[in-house]
file start_29.cif (mmCIF, C-alpha atoms)
data_start
loop_
_atom_site.group_PDB
_atom_site.id
_atom_site.type_symbol
_atom_site.label_atom_id
_atom_site.label_comp_id
_atom_site.auth_asym_id
_atom_site.auth_seq_id
_atom_site.Cartn_x
_atom_site.Cartn_y
_atom_site.Cartn_z
ATOM 1 C CA ASP G 1317 0.000 0.000 0.000
ATOM 2 C CA ASN G 1318 3.069 2.235 0.186
ATOM 3 C CA LEU G 1319 5.351 2.310 -2.841
ATOM 4 C CA GLN G 1320 8.352 3.719 -0.984
ATOM 5 C CA ILE G 1321 8.364 0.604 1.230
ATOM 6 C CA LEU G 1322 9.011 -1.491 -1.877
ATOM 7 C CA GLN G 1323 12.186 0.544 -2.465
ATOM 8 C CA ASN G 1324 13.327 0.544 1.163
ATOM 9 C CA ASP G 1325 12.281 -1.783 4.020
ATOM 10 C CA PHE G 1326 10.898 -4.421 1.655
ATOM 11 C CA ILE G 1327 14.314 -5.133 0.144
ATOM 12 C CA THR G 1328 16.208 -5.365 3.435
ATOM 13 C CA GLU G 1329 17.237 -8.622 5.117
ATOM 14 C CA ARG G 1330 14.274 -8.268 7.492
ATOM 15 C CA PHE G 1331 11.948 -9.083 4.631
ATOM 16 C CA PHE G 1332 12.443 -9.894 0.942
ATOM 17 C CA ASN G 1333 16.253 -10.000 1.055
ATOM 18 C CA SER G 1334 16.329 -12.361 4.017
ATOM 19 C CA PRO G 1335 18.829 -15.194 3.487
ATOM 20 C CA GLN G 1336 16.094 -17.511 4.747
ATOM 21 C CA ARG G 1337 13.613 -16.513 2.031
ATOM 22 C CA GLY G 1338 12.307 -19.542 0.186
ATOM 23 C CA SER G 1339 12.238 -21.684 3.325
ATOM 24 C CA LEU G 1340 8.453 -21.913 3.210
ATOM 25 C CA PRO G 1341 5.582 -20.664 1.018
ATOM 26 C CA VAL G 1342 4.917 -16.930 1.393
ATOM 27 C CA SER G 1343 2.891 -14.508 -0.713
ATOM 28 C CA TRP G 1344 4.334 -10.983 -0.763
ATOM 29 C CA SER G 1345 1.915 -8.064 -1.125
ATOM 30 C CA TYR G 1346 3.213 -5.986 -4.032
ATOM 31 C CA ALA G 1347 1.490 -3.095 -5.791
ATOM 32 C CA PRO G 1348 0.787 -4.000 -9.451
ATOM 33 C CA CYS G 1349 1.103 -0.336 -10.415
ATOM 34 C CA MET G 1350 4.855 -0.857 -10.022
ATOM 35 C CA ALA G 1351 4.641 -2.278 -13.555
ATOM 36 C CA VAL G 1352 4.311 1.291 -14.851
ATOM 37 C CA LEU G 1353 5.680 3.429 -11.999
ATOM 38 C CA MET G 1354 8.833 1.454 -11.177
ATOM 39 C CA PRO G 1355 9.184 -1.327 -13.749
ATOM 40 C CA ASN G 1356 12.850 -1.937 -12.926
ATOM 41 C CA ALA G 1357 11.991 -2.633 -9.280
ATOM 42 C CA LEU G 1358 9.242 -5.045 -10.304
ATOM 43 C CA GLU G 1359 11.550 -6.804 -12.757
ATOM 44 C CA TRP G 1360 14.158 -7.204 -10.022
ATOM 45 C CA ALA G 1361 11.624 -8.610 -7.525
ATOM 46 C CA MET G 1362 10.213 -11.074 -10.053
ATOM 47 C CA GLY G 1363 13.720 -12.224 -10.898
ATOM 48 C CA GLN G 1364 14.435 -12.979 -7.232
ATOM 49 C CA LEU G 1365 11.389 -15.188 -6.615
ATOM 50 C CA THR G 1366 11.963 -18.731 -5.395
ATOM 51 C CA ALA G 1367 9.540 -21.623 -5.905
ATOM 52 C CA ASN G 1368 8.050 -20.708 -2.498
ATOM 53 C CA ASP G 1369 7.494 -17.016 -3.285
ATOM 54 C CA THR G 1370 4.616 -15.315 -5.066
ATOM 55 C CA LEU G 1371 3.639 -11.660 -5.490
ATOM 56 C CA SER G 1372 0.041 -10.777 -4.652
ATOM 57 C CA ALA G 1373 -1.678 -7.546 -5.669
ATOM 58 C CA GLY G 1374 -2.776 -5.289 -2.940
ATOM 59 C CA PRO G 1375 -4.364 -3.821 -1.207
ATOM 60 C CA SER G 1376 -7.345 -3.797 -3.550
ATOM 61 C CA GLY G 1377 -5.418 -4.025 -6.819
ATOM 62 C CA VAL G 1378 -4.035 -1.175 -8.893
ATOM 63 C CA GLY G 1379 -4.120 1.264 -5.976
ATOM 64 C CA TYR G 1380 -4.958 1.518 -2.289
ATOM 65 C CA ALA G 1381 -8.738 1.814 -2.352
ATOM 66 C CA PHE G 1382 -11.996 0.645 -0.816
ATOM 67 C CA PRO G 1383 -13.901 -0.730 -3.844
ATOM 68 C CA GLN G 1384 -17.184 -0.702 -1.925
ATOM 69 C CA LEU G 1385 -17.013 3.122 -1.883
ATOM 70 C CA PHE G 1386 -16.635 3.590 -5.648
ATOM 71 C CA PRO G 1387 -19.354 5.591 -7.410
ATOM 72 C CA GLU G 1388 -21.282 3.781 -10.126
ATOM 73 C CA GLY G 1389 -19.066 3.029 -13.105
ATOM 74 C CA ALA G 1390 -15.748 3.640 -11.362
ATOM 75 C CA ASP G 1391 -15.512 -0.015 -10.379
ATOM 76 C CA VAL G 1392 -15.437 -1.033 -14.056
ATOM 77 C CA ALA G 1393 -12.441 1.152 -14.888
ATOM 78 C CA TYR G 1394 -10.715 0.109 -11.671
ATOM 79 C CA GLY G 1395 -11.256 -3.569 -12.430
ATOM 80 C CA GLN G 1396 -9.874 -3.173 -15.944
ATOM 81 C CA ALA G 1397 -6.774 -1.312 -14.738
ATOM 82 C CA THR G 1398 -6.182 -3.892 -12.020
ATOM 83 C CA ASP G 1399 -6.502 -6.729 -14.529
ATOM 84 C CA LEU G 1400 -4.069 -5.089 -16.958
ATOM 85 C CA LEU G 1401 -1.358 -4.431 -14.369
ATOM 86 C CA MET G 1402 -1.792 -7.742 -12.543
ATOM 87 C CA ARG G 1403 -1.181 -9.548 -15.826
ATOM 88 C CA ALA G 1404 1.891 -7.380 -16.422
ATOM 89 C CA SER G 1405 3.102 -8.318 -12.925
ATOM 90 C CA GLU G 1406 2.210 -12.015 -13.334
ATOM 91 C CA GLN G 1407 -0.071 -11.855 -10.290
ATOM 92 C CA SER G 1408 -3.211 -13.917 -9.754
ATOM 93 C CA LEU G 1409 -4.236 -13.155 -6.147
ATOM 94 C CA VAL G 1410 -5.499 -9.744 -5.058
ATOM 95 C CA ASN G 1411 -5.881 -8.491 -1.479
ATOM 96 C CA VAL G 1412 -9.000 -6.331 -1.178
ATOM 97 C CA ILE G 1413 -9.554 -4.048 1.792
ATOM 98 C CA GLY G 1414 -12.992 -2.997 2.970
ATOM 99 C CA VAL G 1415 -15.315 -2.510 5.921
ATOM 100 C CA VAL G 1416 -18.423 -4.472 4.983
ATOM 101 C CA PRO G 1417 -17.853 -7.216 2.395
ATOM 102 C CA SER G 1418 -20.330 -7.302 -0.449
ATOM 103 C CA ARG G 1419 -20.566 -9.181 -3.718
ATOM 104 C CA GLN G 1420 -21.188 -5.946 -5.583
ATOM 105 C CA SER G 1421 -17.869 -4.434 -4.481
ATOM 106 C CA LEU G 1422 -15.991 -7.449 -5.841
ATOM 107 C CA THR G 1423 -17.881 -8.000 -9.095
ATOM 108 C CA GLN G 1424 -15.395 -6.344 -11.453
ATOM 109 C CA LEU G 1425 -12.402 -7.918 -9.722
ATOM 110 C CA VAL G 1426 -13.701 -11.493 -9.830
ATOM 111 C CA ARG G 1427 -14.411 -10.979 -13.545
ATOM 112 C CA ALA G 1428 -10.848 -9.851 -14.239
ATOM 113 C CA GLU G 1429 -8.926 -12.364 -16.332
ATOM 114 C CA ALA G 1430 -5.867 -12.186 -14.065
ATOM 115 C CA VAL G 1431 -7.725 -12.786 -10.786
ATOM 116 C CA THR G 1432 -8.012 -16.398 -9.648
ATOM 117 C CA SER G 1433 -8.424 -15.713 -5.909
ATOM 118 C CA ILE G 1434 -9.155 -12.880 -3.480
ATOM 119 C CA VAL G 1435 -8.159 -12.307 0.138
ATOM 120 C CA TRP G 1436 -10.532 -9.906 1.901
ATOM 121 C CA PHE G 1437 -8.804 -7.652 4.454
ATOM 122 C CA GLU G 1438 -11.513 -6.543 6.876
ATOM 123 C CA PHE G 1439 -10.848 -2.998 8.061
ATOM 124 C CA GLY G 1440 -12.629 -3.405 11.391
ATOM 125 C CA PRO G 1441 -11.792 -2.897 15.073
ATOM 126 C CA SER G 1442 -8.080 -2.224 15.530
ATOM 127 C CA SER G 1443 -7.699 -5.116 17.980
ATOM 128 C CA MET G 1444 -8.652 -7.525 15.186
ATOM 129 C CA GLY G 1445 -6.103 -6.350 12.643
ATOM 130 C CA TYR G 1446 -7.339 -7.525 9.243
ATOM 131 C CA SER G 1447 -8.908 -10.746 10.487
ATOM 132 C CA ALA G 1448 -12.300 -9.678 11.833
ATOM 133 C CA LEU G 1449 -13.970 -12.281 9.584
ATOM 134 C CA HIS G 1450 -11.795 -15.053 11.046
ATOM 135 C CA GLY G 1451 -11.146 -17.127 7.961
ATOM 136 C CA ASN G 1452 -14.599 -16.883 6.349
ATOM 137 C CA PHE G 1453 -14.743 -18.401 2.889
ATOM 138 C CA ASP G 1454 -17.037 -17.758 -0.073
ATOM 139 C CA MET G 1455 -17.112 -18.356 -3.823
ATOM 140 C CA GLN G 1456 -18.078 -15.554 -6.188
ATOM 141 C CA GLU G 1457 -18.442 -16.399 -9.873
ATOM 142 C CA GLY G 1458 -16.015 -19.272 -9.417
ATOM 143 C CA VAL G 1459 -13.392 -17.210 -7.599
ATOM 144 C CA PRO G 1460 -12.594 -18.076 -3.953
ATOM 145 C CA VAL G 1461 -12.813 -15.150 -1.528
ATOM 146 C CA VAL G 1462 -11.056 -15.867 1.759
ATOM 147 C CA ALA G 1463 -10.579 -13.782 4.897
ATOM 148 C CA PRO G 1464 -7.383 -13.945 6.984
ATOM 149 C CA ARG G 1465 -7.717 -15.900 10.200
ATOM 150 C CA LEU G 1466 -4.947 -14.259 12.232
ATOM 151 C CA ASN G 1467 -2.344 -11.489 12.210
ATOM 152 C CA LEU G 1468 1.311 -11.871 13.185
ATOM 153 C CA TRP G 1469 1.184 -8.482 14.850
ATOM 154 C CA GLY G 1470 2.740 -7.558 18.180
ATOM 155 C CA GLU G 1471 3.494 -10.142 20.842
ATOM 156 C CA GLY G 1472 0.048 -11.157 22.064
ATOM 157 C CA ALA G 1473 -0.506 -14.711 23.296
ATOM 158 C CA THR G 1474 -4.150 -14.951 22.232
ATOM 159 C CA GLY G 1475 -6.683 -13.117 20.088
ATOM 160 C CA ASP G 1476 -6.479 -11.843 16.523
ATOM 161 C CA GLU G 1477 -3.104 -10.080 16.828
ATOM 162 C CA VAL G 1478 -0.479 -12.460 18.147
ATOM 163 C CA GLY G 1479 3.268 -13.023 18.357
ATOM 164 C CA VAL G 1480 5.074 -16.120 17.101
ATOM 165 C CA GLU G 1481 4.225 -18.350 20.077
ATOM 166 C CA GLY G 1482 0.637 -17.111 20.141
ATOM 167 C CA LEU G 1483 0.281 -17.800 16.420
ATOM 168 C CA VAL G 1484 1.602 -21.329 16.827
ATOM 169 C CA ASN G 1485 -0.756 -22.011 19.731
ATOM 170 C CA GLU G 1486 -3.785 -20.647 17.864
ATOM 171 C CA LEU G 1487 -3.051 -22.564 14.643
ATOM 172 C CA SER G 1488 -2.197 -25.781 16.488
ATOM 173 C CA ALA G 1489 -5.716 -25.800 17.907
ATOM 174 C CA MET G 1490 -7.288 -25.625 14.428
ATOM 175 C CA PRO G 1491 -8.494 -28.735 12.528
ATOM 176 C CA LYS G 1492 -5.859 -30.466 10.417
ATOM 177 C CA ASN G 1493 -8.391 -31.845 7.936
ATOM 178 C CA THR G 1494 -7.587 -30.604 4.415
ATOM 179 C CA SER G 1495 -11.180 -31.230 3.301
ATOM 180 C CA LEU G 1496 -12.451 -28.499 5.650
ATOM 181 C CA SER G 1497 -12.136 -24.755 5.119
ATOM 182 C CA ALA G 1498 -11.272 -24.532 8.820
ATOM 183 C CA GLY G 1499 -8.194 -26.607 8.034
ATOM 184 C CA TYR G 1500 -6.638 -23.654 6.198
ATOM 185 C CA SER G 1501 -5.531 -20.294 7.572
ATOM 186 C CA ILE G 1502 -4.251 -17.118 5.960
ATOM 187 C CA VAL G 1503 -1.999 -15.149 8.304
ATOM 188 C CA VAL G 1504 -1.208 -11.479 7.705
ATOM 189 C CA VAL G 1505 2.377 -10.653 8.657
ATOM 190 C CA THR G 1506 2.808 -7.001 9.615
ATOM 191 C CA PRO G 1507 6.064 -4.978 9.838
ATOM 192 C CA SER G 1508 6.130 -5.615 13.600
ATOM 193 C CA HIS G 1509 7.628 -8.974 12.614
ATOM 194 C CA ASN G 1510 10.139 -10.106 10.012
ATOM 195 C CA TYR G 1511 10.805 -13.092 7.757
ATOM 196 C CA SER G 1512 12.826 -14.858 10.460
ATOM 197 C CA ASP G 1513 9.725 -14.799 12.662
ATOM 198 C CA VAL G 1514 7.717 -16.402 9.859
ATOM 199 C CA VAL G 1515 10.328 -19.158 9.499
ATOM 200 C CA ARG G 1516 10.376 -19.702 13.258
ATOM 201 C CA ALA G 1517 6.594 -20.026 13.346
ATOM 202 C CA GLY G 1518 6.739 -22.523 10.483
ATOM 203 C CA GLU G 1519 9.389 -24.603 12.232
ATOM 204 C CA LEU G 1520 7.413 -24.657 15.496
ATOM 205 C CA LEU G 1521 4.240 -25.678 13.656
ATOM 206 C CA MET G 1522 6.046 -28.497 11.861
ATOM 207 C CA ALA G 1523 7.420 -29.693 15.197
ATOM 208 C CA GLU G 1524 3.851 -29.704 16.538
ATOM 209 C CA GLY G 1525 2.898 -32.074 13.686
#
call {"tool": "encode", "arguments": {"input": "start_29.cif", "output": "structure tokens"}}
result
Amino acid sequence: DNLQILQNDFITERFFNSPQRGSLPVSWSYAPCMAVLMPNALEWAMGQLTANDTLSAGPSGVGYAFPQLFPEGADVAYGQATDLLMRASEQSLVNVIGVVPSRQSLTQLVRAEAVTSIVWFEFGPSSMGYSALHGNFDMQEGVPVVAPRLNLWGEGATGDEVGVEGLVNELSAMPKNTSLSAGYSIVVVTPSHNYSDVVRAGELLMAEG
């Protein structure tokens, strides 16, 4: 959501330039408008991707926006621009931010050729981070729309914003049945943590079995 981050903190060893990157699957939020505003930076990032890295568009696609607030007709142009730049960035997942999810606010995005999945970031109470919908899942015109379940945010032991140990404890209590939507969790990692924390959480979860 902040292009200067992609030129600064994003490329430090705390995040994308971590020597541990590639240790486990991670999707990196990356503005698709970089394809026209900073194409060299996008080209560099794409060239650094490992088999465990993907770039996701967000939040909300071509620019930081709340699609549910668009006036009539603006959503069409926004959807077209998002589709164009996501294809240029080889992205297929878009993070959409909003307050009250609605099918209407997602219509033009789910119809975009580039979009195969959507993660809905709920902009709700601050104590819930982006996970106020707690992993809710829906299908819209064949496109899965999934809400994050938890945030790696701060050092809390329980709740929606948790530290590494809290995240491991919360996820360990979830079903491990791959046929259930509750068996999957999207976790938003905020700048309060780094890639090493993500790796540590992954190692602890694998040790849990």
call {"tool": "atom_distance", "arguments": {"input": "start_29.cif", "atom1": "atom CA of Val1415 of chain G", "atom2": "atom CA of Ile1434 of chain G"}}
result
15.3 Å
call {"tool": "resolve_selection", "arguments": {"input": "start_29.cif", "expression": "the PyMOL selection byres ((chain G and resi 1508) around 10)", "output": "list of chain:residue names"}}
result
G:Leu1468, G:Trp1469, G:Gly1470, G:Glu1471, G:Gly1479, G:Val1505, G:Thr1506, G:Pro1507, G:His1509, G:Asn1510, G:Asp1513
call {"tool": "residues_near_point", "arguments": {"input": "start_29.cif", "point": "(15.6, -23.3, 2.2)", "cutoff": "12 Å", "atoms": "only C-alpha atoms", "output": "list of chain:residue names"}}
result
G:Ser1334, G:Pro1335, G:Gln1336, G:Arg1337, G:Gly1338, G:Ser1339, G:Leu1340, G:Pro1341, G:Thr1366, G:Ala1367, G:Asn1368, G:Asp1369, G:Val1515, G:Glu1519
call {"tool": "write_last_selection", "arguments": {"input": "start_29.cif", "atoms": "C-alpha atoms", "output": "mmCIF file, in the frame of the given file"}}
result
data_model
loop_
_atom_site.group_PDB
_atom_site.id
_atom_site.type_symbol
_atom_site.label_atom_id
_atom_site.label_comp_id
_atom_site.auth_asym_id
_atom_site.auth_seq_id
_atom_site.Cartn_x
_atom_site.Cartn_y
_atom_site.Cartn_z
ATOM 1 C CA SER G 1334 16.329 -12.361 4.017
ATOM 2 C CA PRO G 1335 18.829 -15.194 3.487
ATOM 3 C CA GLN G 1336 16.094 -17.511 4.747
ATOM 4 C CA ARG G 1337 13.613 -16.513 2.031
ATOM 5 C CA GLY G 1338 12.307 -19.542 0.186
ATOM 6 C CA SER G 1339 12.238 -21.684 3.325
ATOM 7 C CA LEU G 1340 8.453 -21.913 3.210
ATOM 8 C CA PRO G 1341 5.582 -20.664 1.018
ATOM 9 C CA THR G 1366 11.963 -18.731 -5.395
ATOM 10 C CA ALA G 1367 9.540 -21.623 -5.905
ATOM 11 C CA ASN G 1368 8.050 -20.708 -2.498
ATOM 12 C CA ASP G 1369 7.494 -17.016 -3.285
ATOM 13 C CA VAL G 1515 10.328 -19.158 9.499
ATOM 14 C CA GLU G 1519 9.389 -24.603 12.232
#
call {"tool": "resolve_selection", "arguments": {"input": "start_29.cif", "expression": "the PyMOL selection byres ((chain G and resi 1409) around 8)", "output": "JSON, numbers by chain"}}
result
{"G": [1372, 1373, 1407, 1408, 1410, 1411, 1431, 1432, 1433, 1434, 1435]}
call {"tool": "atom_distance", "arguments": {"input": "start_29.cif", "atom1": "atom CA of Leu1322 of chain G", "atom2": "atom CA of Ser1512 of chain G"}}
result
18.6 Å
call {"tool": "resolve_selection", "arguments": {"input": "start_29.cif", "expression": "the PyMOL selection byres ((chain G and resi 1429) around 10)", "output": "PyMOL selection string"}}
result
chain G and resi 1395-1396+1398-1400+1402-1403+1408+1425-1428+1430-1432
call {"tool": "closest_residue", "arguments": {"input": "start_29.cif", "among": "G:Leu1319, G:Met1455, G:Tyr1380, G:Asp1476", "to": "Met1354 of chain G", "atoms": "all atoms listed in the file"}}
result
G:Leu1319
call {"tool": "residues_around", "arguments": {"input": "start_29.cif", "residues": "Ala1498 of chain G", "least_positions_apart": "6", "cutoff": "9 Å", "atoms": "only C-alpha atoms", "output": "ChimeraX atom specification"}}
result
/G:1451-1452,1490-1492
call {"tool": "atom_distance", "arguments": {"input": "start_29.cif", "atom1": "atom CA of Leu1466 of chain G", "atom2": "atom CA of Leu1521 of chain G"}}
result
14.7 Å
call {"tool": "decode", "arguments": {"input": "start_29.cif", "residues": "segment 1412-1466 of chain G", "atoms": "C-alpha atoms", "output": "PDB file, in the first residue's frame"}}
result
ATOM      1  CA  VAL G1412      -9.000  -6.331  -1.178  1.00  0.00           C
ATOM      2  CA  ILE G1413      -9.554  -4.048   1.792  1.00  0.00           C
ATOM      3  CA  GLY G1414     -12.992  -2.997   2.970  1.00  0.00           C
ATOM      4  CA  VAL G1415     -15.315  -2.510   5.921  1.00  0.00           C
ATOM      5  CA  VAL G1416     -18.423  -4.472   4.983  1.00  0.00           C
ATOM      6  CA  PRO G1417     -17.853  -7.216   2.395  1.00  0.00           C
ATOM      7  CA  SER G1418     -20.330  -7.302  -0.449  1.00  0.00           C
ATOM      8  CA  ARG G1419     -20.566  -9.181  -3.718  1.00  0.00           C
ATOM      9  CA  GLN G1420     -21.188  -5.946  -5.583  1.00  0.00           C
ATOM     10  CA  SER G1421     -17.869  -4.434  -4.481  1.00  0.00           C
ATOM     11  CA  LEU G1422     -15.991  -7.449  -5.841  1.00  0.00           C
ATOM     12  CA  THR G1423     -17.881  -8.000  -9.095  1.00  0.00           C
ATOM     13  CA  GLN G1424     -15.395  -6.344 -11.453  1.00  0.00           C
ATOM     14  CA  LEU G1425     -12.402  -7.918  -9.722  1.00  0.00           C
ATOM     15  CA  VAL G1426     -13.701 -11.493  -9.830  1.00  0.00           C
ATOM     16  CA  ARG G1427     -14.411 -10.979 -13.545  1.00  0.00           C
ATOM     17  CA  ALA G1428     -10.848  -9.851 -14.239  1.00  0.00           C
ATOM     18  CA  GLU G1429      -8.926 -12.364 -16.332  1.00  0.00           C
ATOM     19  CA  ALA G1430      -5.867 -12.186 -14.065  1.00  0.00           C
ATOM     20  CA  VAL G1431      -7.725 -12.786 -10.786  1.00  0.00           C
ATOM     21  CA  THR G1432      -8.012 -16.398  -9.648  1.00  0.00           C
ATOM     22  CA  SER G1433      -8.424 -15.713  -5.909  1.00  0.00           C
ATOM     23  CA  ILE G1434      -9.155 -12.880  -3.480  1.00  0.00           C
ATOM     24  CA  VAL G1435      -8.159 -12.307   0.138  1.00  0.00           C
ATOM     25  CA  TRP G1436     -10.532  -9.906   1.901  1.00  0.00           C
ATOM     26  CA  PHE G1437      -8.804  -7.652   4.454  1.00  0.00           C
ATOM     27  CA  GLU G1438     -11.513  -6.543   6.876  1.00  0.00           C
ATOM     28  CA  PHE G1439     -10.848  -2.998   8.061  1.00  0.00           C
ATOM     29  CA  GLY G1440     -12.629  -3.405  11.391  1.00  0.00           C
ATOM     30  CA  PRO G1441     -11.792  -2.897  15.073  1.00  0.00           C
ATOM     31  CA  SER G1442      -8.080  -2.224  15.530  1.00  0.00           C
ATOM     32  CA  SER G1443      -7.699  -5.116  17.980  1.00  0.00           C
ATOM     33  CA  MET G1444      -8.652  -7.525  15.186  1.00  0.00           C
ATOM     34  CA  GLY G1445      -6.103  -6.350  12.643  1.00  0.00           C
ATOM     35  CA  TYR G1446      -7.339  -7.525   9.243  1.00  0.00           C
ATOM     36  CA  SER G1447      -8.908 -10.746  10.487  1.00  0.00           C
ATOM     37  CA  ALA G1448     -12.300  -9.678  11.833  1.00  0.00           C
ATOM     38  CA  LEU G1449     -13.970 -12.281   9.584  1.00  0.00           C
ATOM     39  CA  HIS G1450     -11.795 -15.053  11.046  1.00  0.00           C
ATOM     40  CA  GLY G1451     -11.146 -17.127   7.961  1.00  0.00           C
ATOM     41  CA  ASN G1452     -14.599 -16.883   6.349  1.00  0.00           C
ATOM     42  CA  PHE G1453     -14.743 -18.401   2.889  1.00  0.00           C
ATOM     43  CA  ASP G1454     -17.037 -17.758  -0.073  1.00  0.00           C
ATOM     44  CA  MET G1455     -17.112 -18.356  -3.823  1.00  0.00           C
ATOM     45  CA  GLN G1456     -18.078 -15.554  -6.188  1.00  0.00           C
ATOM     46  CA  GLU G1457     -18.442 -16.399  -9.873  1.00  0.00           C
ATOM     47  CA  GLY G1458     -16.015 -19.272  -9.417  1.00  0.00           C
ATOM     48  CA  VAL G1459     -13.392 -17.210  -7.599  1.00  0.00           C
ATOM     49  CA  PRO G1460     -12.594 -18.076  -3.953  1.00  0.00           C
ATOM     50  CA  VAL G1461     -12.813 -15.150  -1.528  1.00  0.00           C
ATOM     51  CA  VAL G1462     -11.056 -15.867   1.759  1.00  0.00           C
ATOM     52  CA  ALA G1463     -10.579 -13.782   4.897  1.00  0.00           C
ATOM     53  CA  PRO G1464      -7.383 -13.945   6.984  1.00  0.00           C
ATOM     54  CA  ARG G1465      -7.717 -15.900  10.200  1.00  0.00           C
ATOM     55  CA  LEU G1466      -4.947 -14.259  12.232  1.00  0.00           C
TER      56      LEU G1466
END
